[in-house]
Structure formats: structure tokens, C-alpha cells
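K.L.:
Sharing structure-v1.cif below, mmCIF, N, CA and C atoms:
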```cif
data_input
loop_
_atom_site.label_atom_id
_atom_site.label_comp_id
_atom_site.auth_asym_id
_atom_site.auth_seq_id
_atom_site.Cartn_x
_atom_site.Cartn_y
_atom_site.Cartn_z
N ARG O 1 -33.11 -16.89 -2.45
CA ARG O 1 -33.41 -15.54 -2.04
C ARG O 1 -34.04 -14.79 -3.20
N ARG O 2 -35.05 -14.02 -2.94
CA ARG O 2 -35.77 -13.27 -3.96
C ARG O 2 -35.09 -11.92 -4.21
N GLY O 3 -35.45 -11.30 -5.33
CA GLY O 3 -35.00 -9.95 -5.59
C GLY O 3 -33.69 -9.84 -6.35
N HIS O 4 -33.25 -10.93 -6.98
CA HIS O 4 -32.05 -10.86 -7.80
C HIS O 4 -32.24 -11.76 -9.01
N ASP O 5 -31.32 -11.67 -9.94
CA ASP O 5 -31.40 -12.44 -11.18
C ASP O 5 -30.34 -13.54 -11.12
N PRO O 6 -30.71 -14.74 -10.67
CA PRO O 6 -29.71 -15.79 -10.50
C PRO O 6 -29.04 -16.19 -11.82
N THR O 7 -29.78 -16.17 -12.91
CA THR O 7 -29.18 -16.56 -14.19
C THR O 7 -28.11 -15.56 -14.61
N ARG O 8 -28.35 -14.28 -14.40
CA ARG O 8 -27.33 -13.28 -14.72
C ARG O 8 -26.10 -13.46 -13.84
N ARG O 9 -26.31 -13.76 -12.58
CA ARG O 9 -25.16 -13.98 -11.68
C ARG O 9 -24.34 -15.18 -12.14
N ILE O 10 -25.03 -16.24 -12.56
CA ILE O 10 -24.34 -17.43 -13.07
C ILE O 10 -23.55 -17.06 -14.32
N ALA O 11 -24.19 -16.31 -15.22
CA ALA O 11 -23.53 -15.92 -16.47
C ALA O 11 -22.29 -15.07 -16.20
N LEU O 12 -22.38 -14.14 -15.27
CA LEU O 12 -21.23 -13.30 -14.95
C LEU O 12 -20.07 -14.13 -14.40
N ARG O 13 -20.39 -15.09 -13.54
CA ARG O 13 -19.34 -15.97 -13.01
C ARG O 13 -18.74 -16.85 -14.10
N ALA O 14 -19.58 -17.39 -14.95
CA ALA O 14 -19.09 -18.23 -16.05
C ALA O 14 -18.19 -17.43 -16.98
N ALA O 15 -18.61 -16.22 -17.34
CA ALA O 15 -17.80 -15.38 -18.22
C ALA O 15 -16.46 -15.04 -17.56
N GLY O 16 -16.48 -14.77 -16.27
CA GLY O 16 -15.23 -14.49 -15.56
C GLY O 16 -14.29 -15.69 -15.57
N ALA O 17 -14.85 -16.88 -15.37
CA ALA O 17 -14.02 -18.09 -15.40
C ALA O 17 -13.45 -18.32 -16.80
N LEU O 18 -14.25 -18.09 -17.82
CA LEU O 18 -13.76 -18.26 -19.19
C LEU O 18 -12.66 -17.25 -19.51
N ARG O 19 -12.85 -16.00 -19.08
CA ARG O 19 -11.80 -15.00 -19.29
C ARG O 19 -10.54 -15.38 -18.54
N GLY O 20 -10.70 -15.94 -17.34
CA GLY O 20 -9.55 -16.39 -16.56
C GLY O 20 -8.79 -17.50 -17.26
N ALA O 21 -9.48 -18.25 -18.10
CA ALA O 21 -8.85 -19.32 -18.87
C ALA O 21 -8.32 -18.82 -20.21
N GLY O 22 -8.40 -17.51 -20.43
CA GLY O 22 -7.84 -16.93 -21.64
C GLY O 22 -8.80 -16.82 -22.82
N LEU O 23 -10.08 -17.04 -22.59
CA LEU O 23 -11.06 -16.94 -23.66
C LEU O 23 -11.78 -15.60 -23.59
N ALA O 24 -12.09 -15.04 -24.73
CA ALA O 24 -12.87 -13.81 -24.78
C ALA O 24 -14.32 -14.17 -24.46
N ALA O 25 -14.84 -13.63 -23.39
CA ALA O 25 -16.22 -13.95 -23.00
C ALA O 25 -16.85 -12.72 -22.35
N ARG O 26 -18.11 -12.51 -22.69
CA ARG O 26 -18.86 -11.43 -22.05
C ARG O 26 -20.31 -11.86 -21.95
N VAL O 27 -21.03 -11.25 -21.04
CA VAL O 27 -22.44 -11.56 -20.83
C VAL O 27 -23.27 -10.65 -21.72
N VAL O 28 -24.14 -11.27 -22.51
CA VAL O 28 -25.02 -10.52 -23.40
C VAL O 28 -26.45 -11.00 -23.14
N PRO O 29 -27.31 -10.14 -22.64
CA PRO O 29 -28.72 -10.54 -22.46
C PRO O 29 -29.41 -10.54 -23.82
N ALA O 30 -29.13 -11.57 -24.60
CA ALA O 30 -29.51 -11.59 -26.02
C ALA O 30 -30.95 -12.03 -26.27
N LEU O 31 -31.49 -12.85 -25.39
CA LEU O 31 -32.81 -13.41 -25.67
C LEU O 31 -33.94 -12.56 -25.10
N ARG O 32 -35.05 -12.56 -25.82
CA ARG O 32 -36.25 -11.90 -25.32
C ARG O 32 -37.43 -12.82 -25.59
N GLN O 33 -38.43 -12.71 -24.73
CA GLN O 33 -39.64 -13.50 -24.90
C GLN O 33 -40.54 -12.78 -25.89
N VAL O 34 -41.03 -13.51 -26.90
CA VAL O 34 -41.85 -12.89 -27.94
C VAL O 34 -43.32 -13.30 -27.87
N ARG O 35 -43.61 -14.23 -26.98
CA ARG O 35 -45.01 -14.58 -26.75
C ARG O 35 -45.14 -15.15 -25.35
N PRO O 36 -46.32 -15.05 -24.76
CA PRO O 36 -46.50 -15.56 -23.40
C PRO O 36 -46.41 -17.08 -23.33
N VAL O 37 -45.95 -17.57 -22.19
CA VAL O 37 -45.93 -19.00 -21.90
C VAL O 37 -46.59 -19.20 -20.54
N VAL O 38 -47.01 -20.43 -20.27
CA VAL O 38 -47.57 -20.73 -18.95
C VAL O 38 -46.45 -21.23 -18.04
N ASP O 39 -46.71 -21.22 -16.74
CA ASP O 39 -45.75 -21.74 -15.77
C ASP O 39 -45.47 -23.21 -16.11
N GLN O 40 -44.20 -23.58 -16.15
CA GLN O 40 -43.80 -24.93 -16.55
C GLN O 40 -44.01 -25.97 -15.44
N ALA O 41 -44.16 -25.53 -14.20
CA ALA O 41 -44.29 -26.47 -13.08
C ALA O 41 -45.44 -27.44 -13.34
N GLY O 42 -45.15 -28.71 -13.20
CA GLY O 42 -46.16 -29.75 -13.36
C GLY O 42 -46.40 -30.20 -14.79
N LEU O 43 -45.77 -29.55 -15.76
CA LEU O 43 -45.95 -29.97 -17.15
C LEU O 43 -45.02 -31.13 -17.49
N SER O 44 -45.47 -32.00 -18.37
CA SER O 44 -44.62 -33.09 -18.86
C SER O 44 -43.54 -32.50 -19.76
N GLY O 45 -42.57 -33.31 -20.10
CA GLY O 45 -41.51 -32.86 -21.00
C GLY O 45 -42.06 -32.39 -22.34
N ARG O 46 -42.97 -33.15 -22.90
CA ARG O 46 -43.57 -32.77 -24.18
C ARG O 46 -44.36 -31.47 -24.04
N ALA O 47 -45.13 -31.33 -22.96
CA ALA O 47 -45.92 -30.12 -22.75
C ALA O 47 -45.01 -28.91 -22.53
N ARG O 48 -43.88 -29.11 -21.85
CA ARG O 48 -42.92 -28.01 -21.66
C ARG O 48 -42.37 -27.56 -23.01
N ALA O 49 -42.00 -28.51 -23.85
CA ALA O 49 -41.46 -28.17 -25.17
C ALA O 49 -42.50 -27.42 -26.00
N GLU O 50 -43.75 -27.87 -25.97
CA GLU O 50 -44.81 -27.18 -26.71
C GLU O 50 -45.06 -25.79 -26.14
N ASN O 51 -44.98 -25.68 -24.83
CA ASN O 51 -45.22 -24.40 -24.15
C ASN O 51 -44.21 -23.33 -24.57
N VAL O 52 -42.96 -23.71 -24.70
CA VAL O 52 -41.92 -22.71 -25.00
C VAL O 52 -41.55 -22.64 -26.48
N ALA O 53 -42.13 -23.50 -27.31
CA ALA O 53 -41.79 -23.50 -28.74
C ALA O 53 -42.01 -22.12 -29.36
N ASN O 54 -40.96 -21.61 -29.99
CA ASN O 54 -41.01 -20.31 -30.67
C ASN O 54 -41.39 -19.16 -29.75
N ALA O 55 -41.07 -19.28 -28.47
CA ALA O 55 -41.38 -18.21 -27.50
C ALA O 55 -40.23 -17.23 -27.34
N LEU O 56 -39.04 -17.57 -27.86
CA LEU O 56 -37.87 -16.71 -27.69
C LEU O 56 -37.34 -16.23 -29.03
N ALA O 57 -36.71 -15.08 -29.00
CA ALA O 57 -36.00 -14.54 -30.16
C ALA O 57 -34.78 -13.78 -29.64
N VAL O 58 -33.81 -13.62 -30.50
CA VAL O 58 -32.62 -12.85 -30.15
C VAL O 58 -32.93 -11.38 -30.40
N ARG O 59 -32.57 -10.55 -29.44
CA ARG O 59 -32.77 -9.10 -29.58
C ARG O 59 -32.01 -8.61 -30.81
N PRO O 60 -32.57 -7.64 -31.51
CA PRO O 60 -31.88 -7.10 -32.69
C PRO O 60 -30.46 -6.65 -32.36
N ARG O 61 -29.52 -7.05 -33.19
CA ARG O 61 -28.10 -6.69 -33.09
C ARG O 61 -27.41 -7.21 -31.82
N ALA O 62 -28.04 -8.11 -31.08
CA ALA O 62 -27.42 -8.63 -29.85
C ALA O 62 -26.30 -9.61 -30.15
N LEU O 63 -26.45 -10.41 -31.20
CA LEU O 63 -25.46 -11.43 -31.53
C LEU O 63 -25.13 -11.35 -33.02
N PRO O 64 -23.86 -11.22 -33.36
CA PRO O 64 -23.51 -11.25 -34.78
C PRO O 64 -23.59 -12.67 -35.32
N ALA O 65 -23.84 -12.79 -36.60
CA ALA O 65 -23.84 -14.10 -37.24
C ALA O 65 -22.50 -14.77 -36.99
N GLY O 66 -22.52 -16.04 -36.66
CA GLY O 66 -21.30 -16.78 -36.40
C GLY O 66 -20.80 -16.71 -34.97
N ALA O 67 -21.42 -15.87 -34.13
CA ALA O 67 -21.00 -15.77 -32.73
C ALA O 67 -21.15 -17.13 -32.05
N ARG O 68 -20.18 -17.49 -31.25
CA ARG O 68 -20.25 -18.73 -30.47
C ARG O 68 -20.85 -18.38 -29.11
N VAL O 69 -21.90 -19.10 -28.72
CA VAL O 69 -22.70 -18.71 -27.56
C VAL O 69 -22.73 -19.83 -26.52
N LEU O 70 -22.49 -19.45 -25.27
CA LEU O 70 -22.68 -20.33 -24.13
C LEU O 70 -24.03 -19.96 -23.53
N LEU O 71 -24.99 -20.86 -23.58
CA LEU O 71 -26.31 -20.62 -22.99
C LEU O 71 -26.23 -20.82 -21.49
N VAL O 72 -26.95 -20.03 -20.73
CA VAL O 72 -26.91 -20.12 -19.27
C VAL O 72 -28.34 -20.20 -18.73
N ASP O 73 -28.55 -21.13 -17.81
CA ASP O 73 -29.85 -21.27 -17.14
C ASP O 73 -29.60 -21.66 -15.70
N ASP O 74 -30.51 -21.31 -14.81
CA ASP O 74 -30.29 -21.67 -13.42
C ASP O 74 -30.61 -23.13 -13.15
N VAL O 75 -31.75 -23.61 -13.65
CA VAL O 75 -32.17 -24.99 -13.41
C VAL O 75 -32.63 -25.61 -14.73
N VAL O 76 -32.16 -26.79 -15.02
CA VAL O 76 -32.65 -27.52 -16.18
C VAL O 76 -33.48 -28.70 -15.67
N THR O 77 -34.67 -28.84 -16.19
CA THR O 77 -35.54 -29.96 -15.81
C THR O 77 -35.62 -30.94 -16.96
N THR O 78 -36.26 -30.53 -18.04
CA THR O 78 -36.36 -31.40 -19.22
C THR O 78 -35.46 -30.92 -20.35
N GLY O 79 -34.97 -29.70 -20.25
CA GLY O 79 -34.14 -29.14 -21.31
C GLY O 79 -34.94 -28.36 -22.35
N ALA O 80 -36.25 -28.26 -22.17
CA ALA O 80 -37.10 -27.58 -23.16
C ALA O 80 -36.72 -26.11 -23.31
N SER O 81 -36.47 -25.43 -22.21
CA SER O 81 -36.12 -24.00 -22.28
C SER O 81 -34.76 -23.80 -22.95
N LEU O 82 -33.80 -24.65 -22.61
CA LEU O 82 -32.48 -24.55 -23.25
C LEU O 82 -32.57 -24.88 -24.74
N ALA O 83 -33.38 -25.86 -25.09
CA ALA O 83 -33.54 -26.20 -26.51
C ALA O 83 -34.16 -25.04 -27.26
N GLU O 84 -35.13 -24.36 -26.67
CA GLU O 84 -35.75 -23.21 -27.31
C GLU O 84 -34.75 -22.06 -27.43
N ALA O 85 -33.93 -21.86 -26.40
CA ALA O 85 -32.90 -20.82 -26.47
C ALA O 85 -31.91 -21.13 -27.60
N ALA O 86 -31.50 -22.38 -27.71
CA ALA O 86 -30.58 -22.78 -28.78
C ALA O 86 -31.21 -22.56 -30.15
N ARG O 87 -32.49 -22.87 -30.29
CA ARG O 87 -33.19 -22.66 -31.56
C ARG O 87 -33.18 -21.18 -31.94
N ALA O 88 -33.47 -20.31 -30.97
CA ALA O 88 -33.50 -18.87 -31.24
C ALA O 88 -32.11 -18.35 -31.62
N VAL O 89 -31.08 -18.85 -30.95
CA VAL O 89 -29.70 -18.44 -31.26
C VAL O 89 -29.33 -18.88 -32.67
N ARG O 90 -29.64 -20.11 -33.02
CA ARG O 90 -29.36 -20.60 -34.38
C ARG O 90 -30.12 -19.80 -35.43
N ALA O 91 -31.36 -19.43 -35.11
CA ALA O 91 -32.19 -18.70 -36.07
C ALA O 91 -31.60 -17.35 -36.44
N CYS O 92 -30.79 -16.76 -35.56
CA CYS O 92 -30.18 -15.47 -35.90
C CYS O 92 -28.79 -15.65 -36.51
N GLY O 93 -28.37 -16.90 -36.70
CA GLY O 93 -27.09 -17.15 -37.34
C GLY O 93 -25.93 -17.34 -36.39
N ALA O 94 -26.19 -17.35 -35.10
CA ALA O 94 -25.13 -17.59 -34.12
C ALA O 94 -25.08 -19.10 -33.82
N GLU O 95 -24.08 -19.50 -33.05
CA GLU O 95 -23.85 -20.93 -32.80
C GLU O 95 -23.83 -21.23 -31.30
N PRO O 96 -24.88 -21.89 -30.78
CA PRO O 96 -24.82 -22.31 -29.38
C PRO O 96 -23.83 -23.47 -29.25
N VAL O 97 -22.81 -23.31 -28.42
CA VAL O 97 -21.77 -24.34 -28.32
C VAL O 97 -21.85 -25.16 -27.04
N ALA O 98 -22.50 -24.61 -26.00
CA ALA O 98 -22.61 -25.32 -24.73
C ALA O 98 -23.65 -24.63 -23.87
N ALA O 99 -23.99 -25.27 -22.77
CA ALA O 99 -24.90 -24.67 -21.79
C ALA O 99 -24.30 -24.83 -20.41
N ALA O 100 -24.48 -23.82 -19.58
CA ALA O 100 -24.06 -23.87 -18.18
C ALA O 100 -25.30 -23.77 -17.31
N VAL O 101 -25.45 -24.72 -16.41
CA VAL O 101 -26.58 -24.71 -15.49
C VAL O 101 -26.07 -25.04 -14.09
N VAL O 102 -26.85 -24.68 -13.10
CA VAL O 102 -26.45 -24.95 -11.72
C VAL O 102 -27.06 -26.25 -11.22
N ALA O 103 -28.30 -26.51 -11.58
CA ALA O 103 -28.98 -27.66 -10.99
C ALA O 103 -29.91 -28.31 -12.01
N GLY O 104 -30.21 -29.56 -11.73
CA GLY O 104 -31.14 -30.31 -12.54
C GLY O 104 -31.39 -31.65 -11.87
N PRO O 105 -32.35 -32.40 -12.36
CA PRO O 105 -32.65 -33.70 -11.77
C PRO O 105 -31.50 -34.68 -11.99
N LEU O 106 -31.21 -35.48 -10.99
CA LEU O 106 -30.11 -36.43 -11.07
C LEU O 106 -30.22 -37.32 -12.30
N ALA O 107 -31.41 -37.74 -12.64
CA ALA O 107 -31.60 -38.63 -13.79
C ALA O 107 -31.13 -37.99 -15.09
N ALA O 108 -31.14 -36.68 -15.15
CA ALA O 108 -30.70 -35.99 -16.37
C ALA O 108 -29.19 -36.06 -16.55
N TRP O 109 -28.45 -36.34 -15.49
CA TRP O 109 -27.00 -36.28 -15.55
C TRP O 109 -26.34 -37.66 -15.44
N VAL O 110 -26.98 -38.60 -14.80
CA VAL O 110 -26.39 -39.91 -14.58
C VAL O 110 -26.18 -40.62 -15.93
N GLY O 111 -24.97 -41.07 -16.16
CA GLY O 111 -24.68 -41.83 -17.37
C GLY O 111 -24.42 -40.99 -18.58
N ARG O 112 -24.50 -39.68 -18.48
CA ARG O 112 -24.24 -38.82 -19.63
C ARG O 112 -22.76 -38.48 -19.68
N THR O 113 -22.25 -38.38 -20.87
CA THR O 113 -20.87 -37.96 -21.06
C THR O 113 -20.83 -36.69 -21.89
N ARG O 114 -19.74 -35.99 -21.80
CA ARG O 114 -19.58 -34.79 -22.60
C ARG O 114 -19.34 -35.19 -24.03
N GLY O 115 -19.83 -34.43 -24.93
CA GLY O 115 -19.63 -34.78 -26.33
C GLY O 115 -20.06 -33.73 -27.19
#
```
Can you give me the file's structure in the form of C-alpha cells?

P.N.:
Amino acid sequence: RRGHDPTRRIALRAAGALRGAGLAARVVPALRQVRPVVDQAGLSGRARAENVANALAVRPRALPAGARVLLVDDVVTTGASLAEAARAVRACGAEPVAAAVVAGPLAAWVGRTRG
């Protein structure tokens, strides 16, 4: 359905679940796009990574140094966007510790273990 922000909705639910488990969690729209990118549809994994390289930055004062961050995305295809988000979070001195996504290609998940 159009007209809503699915990633924000996912983040709010994830934060609620984490708080329910006794962890301090809140949603912070920390990332901003700092340069244009093209639509990722149809791009190879390498082209996606090149497309989003250095396209994100953390908003000023959004994350303190040392903050532990759960990255949230609606769909992961190659992981290029999540990798760029993690790079931007590390660049400001925060620590990406995990990612929460709703969907992705089966091949990306089969045979993978948590670690």
C-alpha cells in the first residue's frame, strides 16, 4: 500500500519488541542521503554497491559516539544499502550491531547462520 513509510513502521515495531524484552530502544531517523543515487532495480550487486557508495551520512547529533545501532530496512536484495548504512553509522563513531529486514531473496538466507 502506498502513502506510508514501511521502514519506519518496521523500526517502531522492532523497538517495541526490544523494549518488551527489557532493552532500551528507540527509533532515530539518523541517516540522510547526501548525494543522488539511481533506482537500484535491475542493477547487479556490484553496481548496487557502487551506486550507493558514500551516499549516506548520519544527521548531525543523531547518534552519539559508541551508540549501538540496529539498522532497519524493508527489503534486502544484495545488502548494498545496508552495508552503506553500516558504513555511515561507523563513520560517526556509532556501532551497527544488527539489521532487521522483512523480506529478501531466499538465496540470501538459505544456509546462513547467525554470528

K.L.:
Using the chain letters and residue numbers of this document, give as a PyMOL selection string the residues selected by the PyMOL selection byres ((chain O and resi 57) around 8).

P.N.:
chain O and resi 30-35+54-56+58-60+84-85+87-89+92

K.L.:
For Thr77 (chain O), which residue out of O:Pro29, O:Gly104, O:Gly42, O:Gly20 is the nearest one, using all atoms listed in the file?

P.N.:
O:Gly104

K.L.:
Which one of O:Leu23, O:Ala17, O:Ala83, O:Val72 sits closest to Arg48 (chain O) if you count only C-alpha atoms?

P.N.:
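The answer is O:Ala83, which sits nearest to Arg48 (chain O).
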
K.L.:
Using atom C of Ser44 (chain O) and atom N of Ala107 (chain O) as the two end points, give the distance in Å to one decimal.

P.N.:
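Spanning atom C of Ser44 (chain O) to atom N of Ala107 (chain O) is a straight-line distance of 15.0 Å.
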
K.L.:
What does the structure give for the distance between atom C of Ala47 (chain O) and CA of Pro105 (chain O), in Å to one decimal?

P.N.:
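A separation of 17.1 Å between them.
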
K.L.:
Please determine an axis-aligned box that encloses all atoms of region 61-64 of chain O listed in the file, with 6 Å added on each side, and express its centre and edge lengths in Å to one decimal as lines of an AutoDock Vina configuration file.

P.N.:
```
center_x = -26.5
center_y = -9.7
center_z = -32.6
size_x = 18.0
size_y = 18.0
size_z = 17.5
```

K.L.:
In Å to one decimal, how far is atom C of Asp5 (chain O) from atom C of Pro96 (chain O)?

P.N.:
21.7 Å

K.L.:
How would you write, as a count of residues only, the residues chosen by the PyMOL selection byres (((chain O and resi 71 and name CA) around 7) and name CA) on this structure?

P.N.:
8

K.L.:
List the residues selected by the PyMOL selection byres ((chain O and resi 94) around 8) in the file shown, writing them as a ChimeraX atom specification.

P.N.:
/O:63-69,86,88-93,95-97
